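Report on the structure given below.
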2 protein chains.
Amino acid sequence: MRIAVDAFGGDNAPLASIKGAELAYKEYGYEIVLVGKREEINKVAFENNIDLTNITIEEASDVIEIEDEPTKILKEKRQSSMAKTLELLADGKVDAAVSAGSTGALVVGGTFIVKRIKGIKRCALAAVMPSKKDYIMMLDVGANAEVKPEYLMQFGVMGKVYMENVMNVKSPKVALLNIGAEDCKGTETQIEAYKLLKDTNINFVGNIEGRDIMQGDVDVIVADGFSGNVALKTVEGVASTLFSMIKQVMTKNAVTTLAAAILKPSLKILKNKMDYSAVGGAPLLGTKKPVFKAHGSSNEIAFKNAIQKAALFAENKVIEKIEGSL
Amino acid sequence: MRIAVDAFGGDNAPLASIKGAELAYKEYGYEIVLVGKREEINKVAFENNIDLTNITIEEASDVIEIEDEPTKILKEKRQSSMAKTLELLADGKVDAAVSAGSTGALVVGGTFIVKRIKGIKRCALAAVMPSKKDYIMMLDVGANAEVKPEYLMQFGVMGKVYMENVMNVKSPKVALLNIGAEDCKGTETQIEAYKLLKDTNINFVGNIEGRDIMQGDVDVIVADGFSGNVALKTVEGVASTLFSMIKQVMTKNAVTTLAAAILKPSLKILKNKMDYSAVGGAPLLGTKKPVFKAHGSSNEIAFKNAIQKAALFAENKVIEKIEGSL
């Protein structure tokens, strides 16, 4: 497996991506191509004692900033590390691509540089998130603020194939994010998407409401990119706010602090379970070749995990299987 | 204050509403009109030792079921307890109305029996919910799955007036639920609504993302009824799932159970703070007279709280102030 990594994407670039590449090589033996300013990559590696012997560097002179208009990746920023990473993938020089940079630019670059699978109308950003039971996937979480029923149906098919082949879920249960259980709920888009999803041969279990997302009773949640993004970020926000409120309560006085110390290891496990960075990020589903979005705040471990997930995405032939399911 | 209460709405009807009416009379001295089957109300009151001396009963022979098509309230179910409750309000026989019955039917009944304030395009269901700091309001949370920018602007104005006058928040901060901070984010609807909200004289602070809902840094969150409903239910769901996961972790063995016992009172306070039933429910904003939706699962305390909030809604002349703000 050869994986291209955008060395200059994310809040901790380029150190976290370089370290993550080293870790992924050591743990999995993948061939990694770090894309970005060669000189800076070498300098950072030297300063931090990172061994780049088995890692290739591909020069890219520019960087996409988080505030850049996403479409810049196609013209003004064609020399950026993200555009070059996606070009390596489009040209067949690597098997998968990873970036922690601007989500908007990655969606545009994925769609127009790597290009969409024939028949797929829109790419979806597919977040893998923790639930009470196992990991679940929600898609779209932000690539398409507006959708058509057909897109939602395709998101369901793509999510199912990914969860089956990368996350090893047998016959994943697919649900539609909606504001009620009955098939008449939601806007015309949801009502129509419900019918289309029911007509596929995936295991469609009907609508799911916000309050049941975390229960883990379904494996794939199909959503428009607006409410999917709101739901994902709300889950993240509530979990982190509650943990900080619990911490406050627990350190109120000496006695509660002592009791809290006893519970700390167990709570830590729970908090880690709810930690989004553990899954490394979100695949972009719908492109002709595997593109993986690492979390913007990725540290080296999150990068290593993202690289592994991207490799599994390629290795398990998710894209070929999506093509076969259409 | 004279308040009409739909005695047959909610999961615990009619016992919870009758008890709640008795409690509200005793605590606040409101004149309560219980609407529903007289014979059954009297029977339940007798069996449960509830004193109805100071409570009026208004006969309504029918009941709206949760699975009824909402528009039935206007014709087939015109003799229902909910329709009769709203008629008492429309006819000026009471100052406010409370129901824990079907939200859809209450929105339809509020809109067409009580009618909308002149100039208000749509009614919004406005949930008051706990946050890290104080209570916040999110509207719409389900009355309108699809909205226009102008509706969102009006929701902002109505929410501001309610929070100011019923929840005593000075110059409430109003934000728009969106998928990014910048004013170009979201669909055309959000982009346009952002401009309209900025042009009002309310304290509009820009977009808010799902992850910041619980922070309590804003007082009113304006949303379309679809993503507002998803966000509200996601907050509820994540909070309740996390508390149940924490409980599991804490009772793992004898030592953690002991430590948990010490922390229990503090955690209980936190859990109660996050409990939605404490606020009693959600006002329906936009009707000519005060309509208040109690939570479907309301017990007698939630009913008492809902009746009090409905009374404050009327007493503090929220509707007159909304009219003045348009």
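Here's how to read the names in the structure tokens: chain A, B, ... by the order shown, residue numbers from 1 in each chain, ligand numbers from 1 in the order shown.
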
* Residue list for chain B near chain A as an MDAnalysis selection string, 8 Å, only C-alpha atoms -> chainID B and resid 132 142 145:146 178:179 186:187 209:215 226:227 229:239 241:242 245:246 249:250 255:256 259:260 262:263 266:267 270

Just the selected residues (C-alpha atoms), exported as a PDB file, in the first residue's frame, please.
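Contents of the output file out_17.pdb:
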ATOM      1  CA  LYS B 132     -23.727  24.919  30.740  1.00  0.00           C
ATOM      2  CA  GLY B 142     -40.384  21.153  14.732  1.00  0.00           C
ATOM      3  CA  ALA B 145     -39.603  21.441   8.540  1.00  0.00           C
ATOM      4  CA  GLU B 146     -39.023  23.973   5.765  1.00  0.00           C
ATOM      5  CA  ASN B 178     -25.477  26.928  10.970  1.00  0.00           C
ATOM      6  CA  ILE B 179     -22.633  24.693   9.765  1.00  0.00           C
ATOM      7  CA  GLY B 186     -25.208  27.155   5.014  1.00  0.00           C
ATOM      8  CA  THR B 187     -27.846  27.071   2.334  1.00  0.00           C
ATOM      9  CA  GLU B 209     -22.475  25.554  15.318  1.00  0.00           C
ATOM     10  CA  GLY B 210     -23.805  22.385  16.926  1.00  0.00           C
ATOM     11  CA  ARG B 211     -20.778  22.025  19.170  1.00  0.00           C
ATOM     12  CA  ASP B 212     -21.467  25.349  20.910  1.00  0.00           C
ATOM     13  CA  ILE B 213     -25.202  24.945  21.605  1.00  0.00           C
ATOM     14  CA  MET B 214     -24.623  23.682  25.148  1.00  0.00           C
ATOM     15  CA  GLN B 215     -22.037  26.319  26.043  1.00  0.00           C
ATOM     16  CA  PHE B 226     -35.795  20.297  10.807  1.00  0.00           C
ATOM     17  CA  SER B 227     -32.263  20.911  12.065  1.00  0.00           C
ATOM     18  CA  ASN B 229     -35.543  19.399  16.014  1.00  0.00           C
ATOM     19  CA  VAL B 230     -32.510  17.232  15.244  1.00  0.00           C
ATOM     20  CA  ALA B 231     -30.264  19.403  17.446  1.00  0.00           C
ATOM     21  CA  LEU B 232     -32.697  19.504  20.391  1.00  0.00           C
ATOM     22  CA  LYS B 233     -33.275  15.757  20.373  1.00  0.00           C
ATOM     23  CA  THR B 234     -29.541  15.097  19.921  1.00  0.00           C
ATOM     24  CA  VAL B 235     -28.755  17.158  23.017  1.00  0.00           C
ATOM     25  CA  GLU B 236     -31.393  15.211  24.970  1.00  0.00           C
ATOM     26  CA  GLY B 237     -30.163  11.880  23.646  1.00  0.00           C
ATOM     27  CA  VAL B 238     -26.453  12.428  24.222  1.00  0.00           C
ATOM     28  CA  ALA B 239     -27.021  13.715  27.764  1.00  0.00           C
ATOM     29  CA  THR B 241     -26.896   8.201  27.032  1.00  0.00           C
ATOM     30  CA  LEU B 242     -23.803   9.621  28.717  1.00  0.00           C
ATOM     31  CA  MET B 245     -22.852   5.098  30.543  1.00  0.00           C
ATOM     32  CA  ILE B 246     -21.371   6.909  33.540  1.00  0.00           C
ATOM     33  CA  VAL B 249     -18.859   2.678  34.838  1.00  0.00           C
ATOM     34  CA  MET B 250     -19.464   3.805  38.419  1.00  0.00           C
ATOM     35  CA  VAL B 255     -14.931   0.353  45.450  1.00  0.00           C
ATOM     36  CA  THR B 256     -16.250   2.399  42.535  1.00  0.00           C
ATOM     37  CA  ALA B 259     -16.912   6.371  45.465  1.00  0.00           C
ATOM     38  CA  ALA B 260     -19.994   6.875  43.312  1.00  0.00           C
ATOM     39  CA  ILE B 262     -20.104  10.063  47.614  1.00  0.00           C
ATOM     40  CA  LEU B 263     -20.477  11.825  44.281  1.00  0.00           C
ATOM     41  CA  SER B 266     -23.534  16.359  43.132  1.00  0.00           C
ATOM     42  CA  LEU B 267     -24.151  14.296  40.013  1.00  0.00           C
ATOM     43  CA  LEU B 270     -26.147  18.069  37.486  1.00  0.00           C
TER      44      LEU B 270
END

* To do: as a ChimeraX atom specification, please: all residues of region 192-298 of chain B that backbone DSSP puts in strand (DSSP E or B).
  => /B:203-208,220-222,281-285,287,291-294

* Point out the residue among B:Lys268, B:Arg116, B:Lys93, B:Lys273 with the least atom-to-atom distance to Pro130 (chain B), counting only C-alpha atoms. =>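 Selected residue with least distance to Pro130 (chain B): B:Lys273.
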
* To do: Tell me which protein, DNA and RNA residues are within 8 Å of Ala24 (chain B), counting only C-alpha atoms, leaving out same-chain ones fewer than 2 positions away, and put them as a PyMOL selection string.
  => chain B and resi 20-22+26-30+304-305+307-308

* For Pro14 (chain B), which of B:Arg2, B:Arg38, B:Lys198, B:Lys289 is the closest residue, counting only C-alpha atoms? ->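 For Pro14 (chain B), the nearest of the given residues is B:Arg38.
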
* Selection: 12 Å around Ile136 (chain A), only C-alpha atoms, excl. self and same-chain fewer than 4 positions, as an MDAnalysis selection string -> chainID A and resid 126:132 159:160 162:164 166:169 172:175 212:222 232 274 276 279 282

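Taking CA of Glu76 (chain A) and CA of Asp62 (chain A) as endpoints, the distance between them is 9.7 Å.
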
* In Å to one decimal, how far is CA of Gly9 (chain A) from CA of Leu88 (chain A)? ->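 Interatomic distance, CA of Leu88 (chain A) to CA of Gly9 (chain A): 16.0 Å.
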
* Among the residues of region 162-310 of chain B, find those DSSP assigns to alpha helix (DSSP H) from the backbone and print them as an MDAnalysis selection string. => chainID B and resid 162:165 188:199 225:250 254:273 300:310
